[in-house]
Amino acid sequence: MSRLSTERKETLLRRYESKSINAPAGVKRPGVGRPGGPRAVMTGRKPKNISATINRLLAYIGRDKARLLLVFICILGGNLSALGGSYMLRPIINNLVSPEQSAQEKLNKLAMGIMIMACIYIVGVICTYLQQKVMIGVSQKALVRIREELFCKI
């Protein structure tokens with residue numbers, strides 16, 4: 001790695017020293033000259049144009065619209081299965097306290113209800129797994145695109 005000349009370093013320091021976060025001009029930024037570099041202390045700042053920033057970020061994941069649709073469907077499936085499993089409890093419990101059925105009929109209906117609930121919850125687990133797996137792929141591809149664009153500019 002080549003070293004910058006002292007003149008170049010001074011020029012850069014003068015240029016970027018005045019762009020301190022919440023500090024008046026001429027005051028050194030926290031982190032400069034310390035381990036970790038100038039970004040060692042980061043504060044959260046809002047972008048100047050929020051809608052443009054969001055649109056730019058959506059452009060990176062917008063190329064995977066089919067996968068995002070699959071993620072949306074998986075979210076719906078996971079939530080519906082969680083609700084369906086919860087709503088299955090009422091008929092199962094009501095069946096157990098019903099006085100007009102024999103013990104064998106109650107056990108058969110209990111086993112059937114538990115199997116149906118298990119299937120519903122398995123569908124929910126599969127939907128949640130697919131949602132997470134697909135979103136990880138989409139986000140990693142978006143990060144690769146952002147990095148490639150950054151390296152092309154550098």
# chains A, B, ... in the order shown; residues from 1 in each chain; ligands from 1
>>> residues_around(residues="A:Val144", least_positions_apart="6", cutoff="10 Å", atoms="only C-alpha atoms", output="list in words")
Tyr60, Val138 and Leu150 of chain A
>>> write_last_selection(atoms="N, CA and C atoms", output="PDB file, in the first residue's frame")
ATOM      1  N   TYR A  60     -32.279  -2.401  -5.279  1.00  0.00           N
ATOM      2  CA  TYR A  60     -31.357  -3.527  -5.150  1.00  0.00           C
ATOM      3  C   TYR A  60     -32.095  -4.843  -4.935  1.00  0.00           C
ATOM      4  N   VAL A 138     -31.967 -13.223  -0.831  1.00  0.00           N
ATOM      5  CA  VAL A 138     -32.266 -11.920  -1.439  1.00  0.00           C
ATOM      6  C   VAL A 138     -31.378 -10.839  -0.832  1.00  0.00           C
ATOM      7  N   LEU A 150     -20.089  -0.214  -5.372  1.00  0.00           N
ATOM      8  CA  LEU A 150     -19.119   0.574  -4.622  1.00  0.00           C
ATOM      9  C   LEU A 150     -17.706   0.368  -5.169  1.00  0.00           C
TER      10      LEU A 150
END
>>> residues_around(residues="stretch 105-122 of chain A", least_positions_apart="3", cutoff="10 Å", atoms="only C-alpha atoms", output="number ranges by chain")
A: 77-78, 80-89, 91-93, 95-102, 125-128
>>> closest_residue(among="A:Gln132, A:Leu76, A:Arg147, A:Ala142", to="A:Leu58", atoms="only C-alpha atoms")
A:Ala142
>>> atom_distance(atom1="atom CA of A:Ala52", atom2="atom CA of A:Glu149")
17.4 Å
>>> atom_distance(atom1="atom CA of A:Lys65", atom2="atom CA of A:Leu143")
16.1 Å
>>> select_by_dssp(residues="chain A", states="alpha helix (DSSP H)", output="number ranges by chain")
A: 6-17, 50-61, 65-96, 103-153
>>> atom_distance(atom1="atom CA of A:Glu148", atom2="atom CA of A:Asp64")
17.2 Å
>>> residues_around(residues="A:Gly62", least_positions_apart="4", cutoff="12 Å", atoms="only C-alpha atoms", output="list in words")
Ile54, Asn55, Arg56, Leu57, Leu58, Ala66, Arg67, Leu68, Leu69, Val138, Ser139, Lys141, Ala142 and Arg145 of chain A
>>> write_last_selection(atoms="N, CA and C atoms", output="mmCIF file, in the first residue's frame")
data_model
loop_
_atom_site.group_PDB
_atom_site.id
_atom_site.type_symbol
_atom_site.label_atom_id
_atom_site.label_comp_id
_atom_site.auth_asym_id
_atom_site.auth_seq_id
_atom_site.Cartn_x
_atom_site.Cartn_y
_atom_site.Cartn_z
ATOM 1 N N ILE A 54 -34.948 5.130 0.288
ATOM 2 C CA ILE A 54 -35.723 3.885 0.307
ATOM 3 C C ILE A 54 -35.886 3.340 -1.109
ATOM 4 N N ASN A 55 -36.164 4.199 -2.059
ATOM 5 C CA ASN A 55 -36.298 3.749 -3.454
ATOM 6 C C ASN A 55 -34.991 3.160 -3.967
ATOM 7 N N ARG A 56 -33.896 3.755 -3.585
ATOM 8 C CA ARG A 56 -32.600 3.225 -4.027
ATOM 9 C C ARG A 56 -32.331 1.855 -3.418
ATOM 10 N N LEU A 57 -32.666 1.685 -2.139
ATOM 11 C CA LEU A 57 -32.495 0.380 -1.501
ATOM 12 C C LEU A 57 -33.446 -0.652 -2.098
ATOM 13 N N LEU A 58 -34.671 -0.254 -2.396
ATOM 14 C CA LEU A 58 -35.625 -1.184 -3.007
ATOM 15 C C LEU A 58 -35.210 -1.583 -4.415
ATOM 16 N N ALA A 66 -40.062 -12.059 -7.715
ATOM 17 C CA ALA A 66 -40.706 -13.361 -7.554
ATOM 18 C C ALA A 66 -40.374 -13.964 -6.195
ATOM 19 N N ARG A 67 -39.133 -13.815 -5.785
ATOM 20 C CA ARG A 67 -38.741 -14.339 -4.472
ATOM 21 C C ARG A 67 -39.404 -13.561 -3.350
ATOM 22 N N LEU A 68 -39.538 -12.250 -3.511
ATOM 23 C CA LEU A 68 -40.213 -11.458 -2.491
ATOM 24 C C LEU A 68 -41.692 -11.826 -2.400
ATOM 25 N N LEU A 69 -42.301 -12.162 -3.536
ATOM 26 C CA LEU A 69 -43.685 -12.630 -3.524
ATOM 27 C C LEU A 69 -43.786 -13.958 -2.775
ATOM 28 N N VAL A 138 -31.967 -13.223 -0.831
ATOM 29 C CA VAL A 138 -32.266 -11.920 -1.439
ATOM 30 C C VAL A 138 -31.378 -10.839 -0.832
ATOM 31 N N SER A 139 -31.238 -10.841 0.485
ATOM 32 C CA SER A 139 -30.431 -9.791 1.126
ATOM 33 C C SER A 139 -28.957 -9.940 0.782
ATOM 34 N N LYS A 141 -27.729 -11.207 -2.016
ATOM 35 C CA LYS A 141 -27.552 -10.746 -3.403
ATOM 36 C C LYS A 141 -27.572 -9.220 -3.481
ATOM 37 N N ALA A 142 -28.438 -8.615 -2.685
ATOM 38 C CA ALA A 142 -28.485 -7.149 -2.673
ATOM 39 C C ALA A 142 -27.169 -6.580 -2.143
ATOM 40 N N ARG A 145 -24.584 -6.743 -4.821
ATOM 41 C CA ARG A 145 -24.781 -5.675 -5.815
ATOM 42 C C ARG A 145 -24.286 -4.330 -5.292
#
>>> decode(residues="stretch 103-118 of chain A", atoms="all heavy atoms", output="short mmCIF file (atom, residue, chain, number, x, y, z; two decimals), in the first residue's frame")
data_model
loop_
_atom_site.label_atom_id
_atom_site.label_comp_id
_atom_site.auth_asym_id
_atom_site.auth_seq_id
_atom_site.Cartn_x
_atom_site.Cartn_y
_atom_site.Cartn_z
N ALA A 103 -65.57 -42.94 25.93
CA ALA A 103 -64.15 -42.63 26.12
C ALA A 103 -63.34 -42.97 24.86
O ALA A 103 -62.42 -42.25 24.49
CB ALA A 103 -63.60 -43.40 27.31
N GLN A 104 -63.73 -44.05 24.17
CA GLN A 104 -63.01 -44.44 22.95
C GLN A 104 -63.22 -43.39 21.84
O GLN A 104 -62.27 -43.04 21.14
CB GLN A 104 -63.49 -45.83 22.48
CG GLN A 104 -62.71 -46.39 21.32
CD GLN A 104 -61.24 -46.61 21.65
OE1 GLN A 104 -60.90 -46.97 22.78
NE2 GLN A 104 -60.38 -46.38 20.70
N GLU A 105 -64.43 -42.90 21.69
CA GLU A 105 -64.70 -41.87 20.68
C GLU A 105 -63.92 -40.58 21.00
O GLU A 105 -63.40 -39.92 20.10
CB GLU A 105 -66.20 -41.57 20.62
CG GLU A 105 -67.03 -42.67 20.01
CD GLU A 105 -68.51 -42.36 20.10
OE1 GLU A 105 -68.93 -41.52 20.93
OE2 GLU A 105 -69.27 -42.96 19.32
N LYS A 106 -63.88 -40.25 22.28
CA LYS A 106 -63.13 -39.05 22.70
C LYS A 106 -61.65 -39.19 22.37
O LYS A 106 -61.03 -38.26 21.86
CB LYS A 106 -63.32 -38.79 24.19
CG LYS A 106 -64.68 -38.29 24.57
CD LYS A 106 -64.76 -38.06 26.07
CE LYS A 106 -66.13 -37.61 26.49
NZ LYS A 106 -66.22 -37.37 27.94
N LEU A 107 -61.09 -40.38 22.65
CA LEU A 107 -59.67 -40.59 22.36
C LEU A 107 -59.40 -40.55 20.85
O LEU A 107 -58.38 -40.01 20.42
CB LEU A 107 -59.20 -41.92 22.94
CG LEU A 107 -58.95 -41.93 24.44
CD1 LEU A 107 -58.56 -43.32 24.91
CD2 LEU A 107 -57.87 -40.94 24.80
N ASN A 108 -60.29 -41.13 20.06
CA ASN A 108 -60.12 -41.11 18.60
C ASN A 108 -60.16 -39.67 18.07
O ASN A 108 -59.34 -39.28 17.24
CB ASN A 108 -61.18 -41.96 17.93
CG ASN A 108 -60.96 -43.44 18.13
OD1 ASN A 108 -59.85 -43.87 18.45
ND2 ASN A 108 -62.02 -44.23 17.95
N LYS A 109 -61.13 -38.89 18.56
CA LYS A 109 -61.23 -37.50 18.11
C LYS A 109 -60.05 -36.66 18.62
O LYS A 109 -59.58 -35.77 17.93
CB LYS A 109 -62.56 -36.89 18.54
CG LYS A 109 -63.74 -37.44 17.75
CD LYS A 109 -65.00 -36.69 18.06
CE LYS A 109 -66.13 -37.22 17.18
NZ LYS A 109 -67.37 -36.50 17.42
N LEU A 110 -59.58 -36.98 19.83
CA LEU A 110 -58.41 -36.28 20.36
C LEU A 110 -57.18 -36.57 19.50
O LEU A 110 -56.43 -35.64 19.14
CB LEU A 110 -58.14 -36.69 21.80
CG LEU A 110 -56.88 -36.11 22.45
CD1 LEU A 110 -57.00 -34.61 22.58
CD2 LEU A 110 -56.63 -36.75 23.80
N ALA A 111 -56.97 -37.83 19.15
CA ALA A 111 -55.82 -38.20 18.31
C ALA A 111 -55.93 -37.52 16.94
O ALA A 111 -54.93 -37.01 16.41
CB ALA A 111 -55.75 -39.71 18.16
N MET A 112 -57.13 -37.52 16.35
CA MET A 112 -57.33 -36.88 15.05
C MET A 112 -57.06 -35.38 15.14
O MET A 112 -56.40 -34.79 14.27
CB MET A 112 -58.75 -37.14 14.54
CG MET A 112 -59.00 -36.58 13.17
SD MET A 112 -57.92 -37.24 11.90
CE MET A 112 -58.60 -38.86 11.72
N GLY A 113 -57.56 -34.74 16.20
CA GLY A 113 -57.34 -33.30 16.38
C GLY A 113 -55.87 -32.96 16.56
O GLY A 113 -55.37 -31.98 16.00
N ILE A 114 -55.16 -33.80 17.33
CA ILE A 114 -53.72 -33.57 17.53
C ILE A 114 -52.96 -33.75 16.23
O ILE A 114 -52.05 -32.97 15.92
CB ILE A 114 -53.18 -34.49 18.64
CG1 ILE A 114 -53.73 -34.03 19.99
CG2 ILE A 114 -51.65 -34.48 18.66
CD1 ILE A 114 -53.38 -34.93 21.15
N MET A 115 -53.35 -34.73 15.43
CA MET A 115 -52.68 -34.93 14.13
C MET A 115 -52.93 -33.74 13.19
O MET A 115 -52.02 -33.29 12.49
CB MET A 115 -53.14 -36.24 13.50
CG MET A 115 -52.56 -37.46 14.21
SD MET A 115 -53.16 -39.06 13.63
CE MET A 115 -53.07 -38.94 11.88
N ILE A 116 -54.16 -33.24 13.20
CA ILE A 116 -54.47 -32.07 12.36
C ILE A 116 -53.67 -30.86 12.83
O ILE A 116 -53.10 -30.12 12.01
CB ILE A 116 -55.98 -31.79 12.36
CG1 ILE A 116 -56.73 -32.91 11.62
CG2 ILE A 116 -56.29 -30.44 11.73
CD1 ILE A 116 -58.24 -32.82 11.74
N MET A 117 -53.61 -30.66 14.14
CA MET A 117 -52.81 -29.53 14.67
C MET A 117 -51.35 -29.68 14.32
O MET A 117 -50.68 -28.71 13.97
CB MET A 117 -52.97 -29.44 16.19
CG MET A 117 -54.19 -28.71 16.65
SD MET A 117 -54.26 -28.56 18.44
CE MET A 117 -52.86 -27.54 18.78
N ALA A 118 -50.83 -30.90 14.41
CA ALA A 118 -49.42 -31.14 14.07
C ALA A 118 -49.17 -30.80 12.61
O ALA A 118 -48.16 -30.17 12.28
CB ALA A 118 -49.04 -32.58 14.36
#
